[in-house]
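Note: the block below is input13.csv and it holds CSV, C-alpha atoms.
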```
chain,number,residue,atom,x,y,z
A,1,MET,CA,14.6,10.0,10.0
A,2,ALA,CA,16.9,7.9,7.8
A,3,PRO,CA,15.7,4.7,6.1
A,4,ARG,CA,16.7,1.5,7.7
A,5,VAL,CA,20.2,0.3,6.7
A,6,HIS,CA,20.2,-2.8,4.7
A,7,ALA,CA,22.7,-4.8,2.6
A,8,ASP,CA,20.6,-7.0,0.4
A,9,VAL,CA,22.0,-7.6,-3.1
A,10,ILE,CA,18.8,-9.1,-4.4
A,11,TYR,CA,16.7,-6.2,-3.1
A,12,ASP,CA,19.1,-3.6,-4.4
A,13,GLU,CA,19.3,-5.3,-7.9
A,14,THR,CA,15.5,-5.5,-8.0
A,15,VAL,CA,15.0,-1.9,-7.1
A,16,ALA,CA,17.6,-0.9,-9.7
A,17,GLY,CA,15.8,-2.9,-12.3
A,18,LEU,CA,12.5,-1.1,-11.7
A,19,GLY,CA,13.4,1.8,-13.8
A,20,SER,CA,11.8,5.1,-13.2
A,21,LEU,CA,8.3,5.4,-11.7
A,22,SER,CA,8.2,9.1,-12.4
A,23,GLY,CA,4.7,10.3,-12.9
A,24,ARG,CA,3.2,7.0,-11.4
A,25,THR,CA,1.1,6.6,-8.3
A,26,CYS,CA,1.4,3.5,-6.1
A,27,ALA,CA,-0.9,2.5,-3.2
A,28,ILE,CA,0.4,-0.2,-0.9
A,29,THR,CA,-1.3,-2.0,2.0
A,30,GLY,CA,0.6,-3.1,5.1
A,31,THR,CA,3.7,-1.0,4.9
A,32,THR,CA,4.7,-1.0,8.5
A,33,SER,CA,7.2,-3.9,8.1
A,34,GLY,CA,8.3,-6.6,5.8
A,35,THR,CA,7.6,-6.7,2.1
A,36,GLY,CA,5.1,-3.9,2.2
A,37,TYR,CA,7.6,-1.6,3.9
A,38,TRP,CA,10.3,-2.4,1.4
A,39,ALA,CA,7.9,-2.1,-1.6
A,40,ALA,CA,7.0,1.4,-0.4
A,41,ILE,CA,10.7,2.3,0.0
A,42,ALA,CA,11.4,0.9,-3.5
A,43,ALA,CA,8.6,2.9,-5.0
A,44,ALA,CA,9.8,6.1,-3.3
A,45,ARG,CA,13.4,5.5,-4.4
A,46,ALA,CA,12.3,4.8,-8.0
A,47,GLY,CA,10.8,8.2,-8.1
A,48,ALA,CA,7.0,7.5,-7.9
A,49,ALA,CA,5.2,10.7,-8.1
A,50,ARG,CA,3.0,9.6,-5.2
A,51,VAL,CA,3.3,6.7,-2.8
A,52,ILE,CA,0.2,6.0,-0.7
A,53,LEU,CA,0.7,3.9,2.4
A,54,LEU,CA,-2.5,2.1,3.5
A,55,ASN,CA,-2.2,1.1,7.2
A,56,ARG,CA,-4.2,1.2,10.4
A,57,PRO,CA,-3.3,4.3,12.3
A,58,SER,CA,-0.4,3.5,14.7
A,59,GLU,CA,3.1,4.6,15.7
A,60,ARG,CA,4.5,2.0,13.4
A,61,ALA,CA,2.5,3.6,10.5
A,62,GLU,CA,3.8,7.0,11.4
A,63,HIS,CA,7.4,5.6,11.5
A,64,ALA,CA,7.0,3.9,8.1
A,65,LEU,CA,5.6,7.1,6.7
A,66,ALA,CA,8.6,9.1,8.0
A,67,GLU,CA,11.1,6.6,6.6
A,68,CYS,CA,9.4,6.4,3.2
A,69,ARG,CA,9.4,10.2,3.0
A,70,SER,CA,13.1,10.2,3.8
A,71,ALA,CA,13.8,7.6,1.1
A,72,ALA,CA,11.9,9.6,-1.5
A,73,GLY,CA,14.3,12.4,-1.0
A,74,ARG,CA,11.8,14.9,-2.3
A,75,SER,CA,8.8,16.8,-0.9
A,76,SER,CA,7.1,15.0,1.9
A,77,ASP,CA,3.8,15.5,0.0
A,78,ASP,CA,5.0,12.7,-2.4
A,79,VAL,CA,4.4,10.1,0.3
A,80,VAL,CA,1.1,10.1,2.1
A,81,HIS,CA,-0.8,7.8,4.6
A,82,VAL,CA,-4.4,6.8,4.3
A,83,ASP,CA,-6.1,5.0,7.2
A,84,CYS,CA,-7.2,1.5,6.2
A,85,ASP,CA,-8.2,-1.2,8.6
A,86,LEU,CA,-8.7,-4.3,6.6
A,87,GLN,CA,-10.7,-5.9,9.4
A,88,ARG,CA,-13.5,-3.4,8.6
A,89,PHE,CA,-15.1,-3.2,5.2
A,90,GLU,CA,-16.3,0.3,6.2
A,91,SER,CA,-12.7,1.4,6.6
A,92,VAL,CA,-11.7,-0.2,3.3
A,93,ARG,CA,-14.5,1.7,1.5
A,94,ALA,CA,-13.4,5.0,3.0
A,95,ALA,CA,-9.7,4.2,2.1
A,96,ALA,CA,-10.7,3.4,-1.5
A,97,ALA,CA,-12.6,6.7,-1.7
A,98,ALA,CA,-9.6,8.6,-0.3
A,99,VAL,CA,-7.1,6.9,-2.7
A,100,ALA,CA,-9.4,7.5,-5.7
A,101,ALA,CA,-9.6,11.2,-4.7
A,102,GLU,CA,-5.8,11.3,-4.4
A,103,CYS,CA,-5.4,9.8,-7.8
A,104,ALA,CA,-8.1,11.7,-9.7
A,105,GLU,CA,-5.9,14.7,-10.5
A,106,ARG,CA,-3.0,12.4,-11.4
A,107,GLY,CA,-4.8,10.5,-14.1
A,108,GLY,CA,-5.5,7.4,-12.0
A,109,LEU,CA,-3.8,4.8,-9.8
A,110,ASP,CA,-0.9,3.0,-11.6
A,111,ALA,CA,-0.3,0.2,-9.0
A,112,LEU,CA,-2.3,-1.2,-6.2
A,113,VAL,CA,0.0,-3.5,-4.1
A,114,CYS,CA,-2.1,-5.8,-1.9
A,115,ASN,CA,0.5,-6.8,0.7
A,116,ALA,CA,-1.0,-6.6,4.2
A,117,GLY,CA,-1.8,-9.9,5.9
A,118,VAL,CA,-2.1,-11.7,9.2
A,119,MET,CA,-1.6,-15.3,10.1
A,120,ALA,CA,-1.8,-17.6,13.2
A,121,VAL,CA,-4.4,-15.3,14.8
A,122,PRO,CA,-7.2,-16.7,17.0
A,123,ASP,CA,-10.2,-18.0,15.2
A,124,THR,CA,-12.4,-15.0,15.6
A,125,ARG,CA,-14.8,-13.0,13.4
A,126,THR,CA,-14.6,-9.5,12.2
A,127,ALA,CA,-17.5,-7.0,12.7
A,128,ASP,CA,-18.5,-7.9,9.2
A,129,GLY,CA,-18.9,-11.6,10.2
A,130,PHE,CA,-15.9,-13.1,8.4
A,131,ASP,CA,-12.9,-15.0,9.8
A,132,VAL,CA,-10.2,-12.3,10.6
A,133,GLN,CA,-7.5,-14.0,8.5
A,134,MET,CA,-9.8,-14.5,5.5
A,135,GLN,CA,-11.1,-10.9,5.6
A,136,VAL,CA,-7.7,-9.2,6.1
A,137,ASN,CA,-5.7,-11.4,3.7
A,138,HIS,CA,-8.3,-11.7,0.9
A,139,LEU,CA,-11.7,-10.3,1.1
A,140,SER,CA,-10.7,-6.7,2.0
A,141,HIS,CA,-8.1,-6.7,-0.7
A,142,PHE,CA,-10.6,-7.9,-3.3
A,143,LEU,CA,-13.0,-5.1,-2.2
A,144,LEU,CA,-10.2,-2.5,-2.4
A,145,ALA,CA,-9.2,-3.6,-5.9
A,146,LYS,CA,-12.9,-3.6,-7.0
A,147,LEU,CA,-13.5,-0.1,-5.7
A,148,LEU,CA,-10.2,1.2,-7.2
A,149,MET,CA,-10.7,-0.5,-10.6
A,150,PRO,CA,-12.0,2.8,-12.2
A,151,SER,CA,-8.9,4.6,-11.1
A,152,LEU,CA,-6.7,1.7,-12.3
A,153,GLU,CA,-8.5,1.8,-15.6
A,154,ALA,CA,-8.0,5.6,-15.9
A,155,ALA,CA,-4.2,5.1,-15.4
A,156,ALA,CA,-4.1,2.3,-17.9
A,157,ALA,CA,-5.9,4.5,-20.5
A,158,ALA,CA,-3.6,7.5,-19.7
A,159,ARG,CA,-0.3,5.7,-19.5
A,160,GLY,CA,-0.7,2.3,-21.2
A,161,GLU,CA,-0.8,0.1,-18.1
A,162,ALA,CA,-1.8,-0.3,-14.5
A,163,ARG,CA,-1.3,-3.2,-12.1
A,164,VAL,CA,-2.8,-5.0,-9.1
A,165,VAL,CA,0.0,-6.9,-7.3
A,166,GLN,CA,-0.9,-9.6,-4.7
A,167,HIS,CA,1.9,-10.3,-2.2
```
When written as structure tokens, how does the structure in this file appear?
Amino acid sequence: MAPRVHADVIYDETVAGLGSLSGRTCAITGTTSGTGYWAAIAAARAGAARVILLNRPSERAEHALAECRSAAGRSSDDVVHVDCDLQRFESVRAAAAAVAAECAERGGLDALVCNAGVMAVPDTRTADGFDVQMQVNHLSHFLLAKLLMPSLEAAAAARGEARVVQH
């Protein structure tokens, strides 16, 4: 499946300015649409050795995975999906363990892009007892970053830098 067609000069210039991400591993939450989707496509096009899409399992997640693999233009193994439901800390912990395992043989995680978010949802609580918007947009990302910090530190030691990006 071909990537979505777009004609956005700012996006294209930004992607061109990234330089090569060869040898780098990026994990991105919320890649089924919007900025997370385009960040994943950009990482794939910039040659990231591995792009890890963190989403709830869904048709949209499968579609984004297929489009990102197509954008990578290389082995489909370079782009993978890890189940991650930010409304459940248990899922975040499992996703962090899976990402850490993915990155262990690659010298760590070079970029964690915390993108997923919700807004204007009903005032309800997650199974963990927090407001849905607060947990999805903030608390789960903080937990994910905390759990992946050893992998980020390993990448920084191996390649000189690693990043946590908050969208």
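Nearest to A:Gly47 of all the residues A:Ala72, A:Ala100, A:Cys26, A:Ala64 is A:Ala72, based on only C-alpha atoms.
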May I have the residues within 10 Å of A:Asp77 as an MDAnalysis selection string, using all atoms listed in the file and disregarding those fewer than 5 positions away in the same chain? chainID A and resid 49:51 69
Write the residues you've just listed into a file as a short mmCIF file (atom, residue, chain, number, x, y, z; two decimals), in the coordinates of the input, and include C-alpha atoms for each of them.
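Result went into again.cif, see below:
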```cif
data_model
loop_
_atom_site.label_atom_id
_atom_site.label_comp_id
_atom_site.auth_asym_id
_atom_site.auth_seq_id
_atom_site.Cartn_x
_atom_site.Cartn_y
_atom_site.Cartn_z
CA ALA A 49 5.20 10.70 -8.10
CA ARG A 50 3.00 9.60 -5.20
CA VAL A 51 3.30 6.70 -2.80
CA ARG A 69 9.40 10.20 3.00
#
```
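Surrounding residues of (-2.5, 14.5, -10.7) at most 12 Å away are Gly23, Arg24, Thr25, Ala49, Arg50, Asp78, Val99, Ala100, Ala101, Glu102, Cys103, Ala104, Glu105, Arg106, Gly107, Gly108, Leu109, Asp110, Ser151, Ala154, Ala155 and Ala158 of chain A (based on all atoms listed in the file).
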Next, dump the selected residues to file, keeping only C-alpha atoms, as a PDB file, keeping the file's coordinate frame.
```pdb
ATOM      1  CA  GLY A  23       4.700  10.300 -12.900  1.00  0.00           C
ATOM      2  CA  ARG A  24       3.200   7.000 -11.400  1.00  0.00           C
ATOM      3  CA  THR A  25       1.100   6.600  -8.300  1.00  0.00           C
ATOM      4  CA  ALA A  49       5.200  10.700  -8.100  1.00  0.00           C
ATOM      5  CA  ARG A  50       3.000   9.600  -5.200  1.00  0.00           C
ATOM      6  CA  ASP A  78       5.000  12.700  -2.400  1.00  0.00           C
ATOM      7  CA  VAL A  99      -7.100   6.900  -2.700  1.00  0.00           C
ATOM      8  CA  ALA A 100      -9.400   7.500  -5.700  1.00  0.00           C
ATOM      9  CA  ALA A 101      -9.600  11.200  -4.700  1.00  0.00           C
ATOM     10  CA  GLU A 102      -5.800  11.300  -4.400  1.00  0.00           C
ATOM     11  CA  CYS A 103      -5.400   9.800  -7.800  1.00  0.00           C
ATOM     12  CA  ALA A 104      -8.100  11.700  -9.700  1.00  0.00           C
ATOM     13  CA  GLU A 105      -5.900  14.700 -10.500  1.00  0.00           C
ATOM     14  CA  ARG A 106      -3.000  12.400 -11.400  1.00  0.00           C
ATOM     15  CA  GLY A 107      -4.800  10.500 -14.100  1.00  0.00           C
ATOM     16  CA  GLY A 108      -5.500   7.400 -12.000  1.00  0.00           C
ATOM     17  CA  LEU A 109      -3.800   4.800  -9.800  1.00  0.00           C
ATOM     18  CA  ASP A 110      -0.900   3.000 -11.600  1.00  0.00           C
ATOM     19  CA  SER A 151      -8.900   4.600 -11.100  1.00  0.00           C
ATOM     20  CA  ALA A 154      -8.000   5.600 -15.900  1.00  0.00           C
ATOM     21  CA  ALA A 155      -4.200   5.100 -15.400  1.00  0.00           C
ATOM     22  CA  ALA A 158      -3.600   7.500 -19.700  1.00  0.00           C
TER      23      ALA A 158
END
```
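The shortest atom-to-atom distance to A:Tyr11, with all atoms listed in the file taken into account, belongs to A:Ile41 out of A:Ile41, A:Val165, A:Leu112, A:Leu54.
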For stretch 47-59 of chain A, take all atoms listed in the file, fit an axis-aligned box around them, add 5 Å to each of the six sides, then output centre and edge lengths in Å rounded to one decimal, as JSON.
```
{"center_x": 3.3, "center_y": 5.9, "center_z": 3.8, "size_x": 25.0, "size_y": 19.6, "size_z": 33.8}
```
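The protein and nucleic acid residues lying at most 12 Å from A:Ala42 are Pro3, Tyr11, Asp12, Glu13, Thr14, Val15, Ala16, Gly17, Leu18, Gly19, Ser20, Leu21, Cys26, Ile28, Thr31, Thr35, Gly36, Tyr37, Gly47, Ala48, Val51, Glu67, Cys68, Arg69, Ser70, Ala71 and Ala72 of chain A, with all atoms listed in the file considered and sequence neighbours fewer than 5 positions away removed.
Taking atom CA of A:Ala39 as the reference point, atom CA of A:Arg163 is found at 14.0 Å.
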Would you mind listing, for every residue of stretch 16-86 of chain A within 10 Å of stretch 141-148 of chain A, the two atoms forming the shortest contact and the distance between them in Å to one decimal, using all atoms listed in the file, sorted by chain and ascending residue number, as a tab-separated table?
```
residue	atom	partner	partner_atom	distance
A:Thr29	CA	A:His141	CA	8.7
A:Cys84	CA	A:Leu144	CA	9.9
A:Leu86	CA	A:His141	CA	7.7
```
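Atom CA of A:Thr32 is positioned 9.3 Å from atom CA of A:Glu59.
Atom pair atom CA of A:Val92 / atom CA of A:Ala27 has a distance of 12.9 Å (rounded to one decimal).
Nearest-residue note for A:Asp131: choosing from A:Arg60, A:Gln166, A:Arg88, A:Gly30, the minimum distance belongs to A:Arg88, counting only C-alpha atoms.
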Taking (-5.6, 3.4, 10.1) in the coordinates of the supplied file, I want to know which residues reach to within 6 Å of it, counting only C-alpha atoms; could you give the answer as a ChimeraX atom specification? /A:55-57,83-85
